[in-house]
>>> print(open('model-v7.pdb').read())   # PDB, C-alpha atoms, pLDDT in the B column
ATOM      1  CA  MET A   1       8.468   1.546   4.990  1.00 70.00           C
ATOM      2  CA  LEU A   2       8.974   5.259   5.425  1.00 73.00           C
ATOM      3  CA  GLY A   3       6.953   5.913   8.569  1.00 78.00           C
ATOM      4  CA  LYS A   4       3.792   5.341  10.522  1.00 84.00           C
ATOM      5  CA  ILE A   5       0.290   5.786   9.181  1.00 83.00           C
ATOM      6  CA  GLU A   6      -0.001   8.995  11.169  1.00 86.00           C
ATOM      7  CA  ASP A   7       2.981  10.313   9.172  1.00 88.00           C
ATOM      8  CA  LEU A   8       1.511   9.442   5.771  1.00 88.00           C
ATOM      9  CA  ALA A   9       0.628  12.967   4.624  1.00 87.00           C
ATOM     10  CA  ARG A  10       3.961  14.431   5.711  1.00 89.00           C
ATOM     11  CA  MET A  11       6.040  11.564   4.322  1.00 89.00           C
ATOM     12  CA  ALA A  12       4.223  11.703   0.985  1.00 87.00           C
ATOM     13  CA  ARG A  13       5.241  15.350   0.587  1.00 87.00           C
ATOM     14  CA  VAL A  14       8.801  14.951   1.888  1.00 89.00           C
ATOM     15  CA  GLU A  15       9.575  11.810  -0.139  1.00 88.00           C
ATOM     16  CA  PHE A  16       7.553  12.770  -3.261  1.00 88.00           C
ATOM     17  CA  VAL A  17       5.394   9.653  -2.999  1.00 87.00           C
ATOM     18  CA  ASP A  18       3.027   8.884  -5.877  1.00 89.00           C
ATOM     19  CA  ASP A  19       1.875   5.345  -5.027  1.00 88.00           C
ATOM     20  CA  ILE A  20       1.112   3.512  -1.821  1.00 87.00           C
ATOM     21  CA  PHE A  21       1.202  -0.281  -1.745  1.00 85.00           C
ATOM     22  CA  ILE A  22      -0.893  -1.921   0.961  1.00 83.00           C
ATOM     23  CA  THR A  23       0.126  -5.480   1.762  1.00 79.00           C
ATOM     24  CA  ILE A  24      -2.188  -6.191   4.687  1.00 75.00           C
ATOM     25  CA  PRO A  25      -5.622  -6.151   3.042  1.00 70.00           C
ATOM     26  CA  SER A  26      -7.190  -8.394   5.694  1.00 79.00           C
ATOM     27  CA  GLU A  27      -7.206  -5.435   8.100  1.00 83.00           C
ATOM     28  CA  ARG A  28     -10.096  -3.709   6.368  1.00 86.00           C
ATOM     29  CA  GLU A  29     -10.509  -0.678   8.648  1.00 89.00           C
ATOM     30  CA  LEU A  30      -6.790   0.047   8.525  1.00 87.00           C
ATOM     31  CA  VAL A  31      -6.768  -0.217   4.730  1.00 87.00           C
ATOM     32  CA  LYS A  32      -9.812   2.029   4.477  1.00 89.00           C
ATOM     33  CA  GLY A  33      -8.182   4.671   6.688  1.00 89.00           C
ATOM     34  CA  ILE A  34      -4.969   4.612   4.649  1.00 88.00           C
ATOM     35  CA  ALA A  35      -6.910   4.854   1.388  1.00 89.00           C
ATOM     36  CA  ILE A  36      -8.936   7.825   2.615  1.00 91.00           C
ATOM     37  CA  ILE A  37      -5.814   9.727   3.661  1.00 89.00           C
ATOM     38  CA  ALA A  38      -4.001   8.794   0.454  1.00 90.00           C
ATOM     39  CA  ARG A  39      -6.838   9.934  -1.795  1.00 89.00           C
ATOM     40  CA  GLN A  40      -6.969  13.300   0.025  1.00 90.00           C
ATOM     41  CA  TYR A  41      -3.397  13.832  -1.130  1.00 89.00           C
ATOM     42  CA  ARG A  42      -4.031  12.426  -4.628  1.00 90.00           C
ATOM     43  CA  LEU A  43      -1.875   9.361  -4.058  1.00 91.00           C
ATOM     44  CA  ASP A  44      -2.599   6.167  -5.940  1.00 90.00           C
ATOM     45  CA  VAL A  45      -3.364   3.191  -3.719  1.00 89.00           C
ATOM     46  CA  LYS A  46      -2.532  -0.346  -4.746  1.00 85.00           C
ATOM     47  CA  VAL A  47      -3.641  -3.258  -2.593  1.00 83.00           C
ATOM     48  CA  VAL A  48      -1.631  -6.470  -2.830  1.00 79.00           C
ATOM     49  CA  PRO A  49      -4.052  -9.356  -2.249  1.00 74.00           C
ATOM     50  CA  GLU A  50      -3.345 -12.068   0.245  1.00 71.00           C
ATOM     51  CA  LEU A  51      -3.327 -15.529  -1.266  1.00 62.00           C
ATOM     52  CA  TYR A  52      -4.405 -18.328   1.055  1.00 58.00           C
ATOM     53  CA  ASP A  53      -3.756 -22.054   0.904  1.00 57.00           C
ATOM     54  CA  GLY A  54      -1.365 -21.950  -2.008  1.00 60.00           C
ATOM     55  CA  LEU A  55      -3.751 -20.207  -4.394  1.00 59.00           C
ATOM     56  CA  GLY A  56      -0.866 -18.118  -5.702  1.00 60.00           C
ATOM     57  CA  TRP A  57       1.664 -20.899  -6.184  1.00 67.00           C
ATOM     58  CA  ASN A  58       1.258 -20.915  -9.957  1.00 70.00           C
ATOM     59  CA  ALA A  59       0.589 -17.207 -10.338  1.00 67.00           C
ATOM     60  CA  PRO A  60       3.009 -15.186 -12.473  1.00 71.00           C
ATOM     61  CA  ILE A  61       5.461 -12.886 -10.684  1.00 69.00           C
ATOM     62  CA  VAL A  62       5.165  -9.210 -11.520  1.00 70.00           C
ATOM     63  CA  TYR A  63       7.962  -6.850 -10.540  1.00 71.00           C
ATOM     64  CA  VAL A  64       7.193  -3.296  -9.450  1.00 67.00           C
ATOM     65  CA  GLY A  65      10.482  -1.526  -8.841  1.00 68.00           C
ATOM     66  CA  ASP A  66      12.268  -3.512  -6.153  1.00 65.00           C
ATOM     67  CA  PHE A  67       9.054  -5.247  -5.055  1.00 54.00           C
ATOM     68  CA  GLN A  68       7.943  -8.653  -6.248  1.00 50.00           C
TER      69      GLN A  68
END
>>> encode(input="model-v7.pdb", output="structure tokens")
Amino acid sequence: MLGKIEDLARMARVEFVDDIFITIPSERELVKGIAIIARQYRLDVKVVPELYDGLGWNAPIVYVGDFQ
């Protein structure tokens, strides 16, 4: 995490951010706000789905940089 949502535009420029990963998709309004800001700055938004009740237990693991 590089900063707060309010810092998104500034941090994207300072840190040369291309992609934003959102890992709290259940907070719809928050996700929508982040996506709107990100798209204004031509940042790609990737939402990591939440998996309930073990639905992801047998799902394959995909590595994205240092994230899994």
>>> atom_distance(input="model-v7.pdb", atom1="atom CA of A:Met11", atom2="atom CA of A:Ile24")
19.6 Å
>>> residues_around(input="model-v7.pdb", residues="A:Tyr41", least_positions_apart="3", cutoff="12 Å", atoms="all atoms listed in the file", output="VMD selection string")
chain A and resid 8 to 13 16 to 20 34 to 38 44 to 45
>>> resolve_selection(input="model-v7.pdb", expression="the PyMOL selection byres ((chain A and resi 47) around 9)", output="PDB file with C-alpha atoms, keeping the file's coordinate frame")
ATOM      1  CA  ILE A  20       1.112   3.512  -1.821  1.00 87.00           C
ATOM      2  CA  PHE A  21       1.202  -0.281  -1.745  1.00 85.00           C
ATOM      3  CA  ILE A  22      -0.893  -1.921   0.961  1.00 83.00           C
ATOM      4  CA  THR A  23       0.126  -5.480   1.762  1.00 79.00           C
ATOM      5  CA  ILE A  24      -2.188  -6.191   4.687  1.00 75.00           C
ATOM      6  CA  PRO A  25      -5.622  -6.151   3.042  1.00 70.00           C
ATOM      7  CA  VAL A  31      -6.768  -0.217   4.730  1.00 87.00           C
ATOM      8  CA  VAL A  45      -3.364   3.191  -3.719  1.00 89.00           C
ATOM      9  CA  LYS A  46      -2.532  -0.346  -4.746  1.00 85.00           C
ATOM     10  CA  VAL A  48      -1.631  -6.470  -2.830  1.00 79.00           C
ATOM     11  CA  PRO A  49      -4.052  -9.356  -2.249  1.00 74.00           C
TER      12      PRO A  49
END
>>> atom_distance(input="model-v7.pdb", atom1="atom CA of A:Leu30", atom2="atom CA of A:Glu15")
21.9 Å
>>> atom_distance(input="model-v7.pdb", atom1="atom CA of A:Lys32", atom2="atom CA of A:Ile5")
11.8 Å
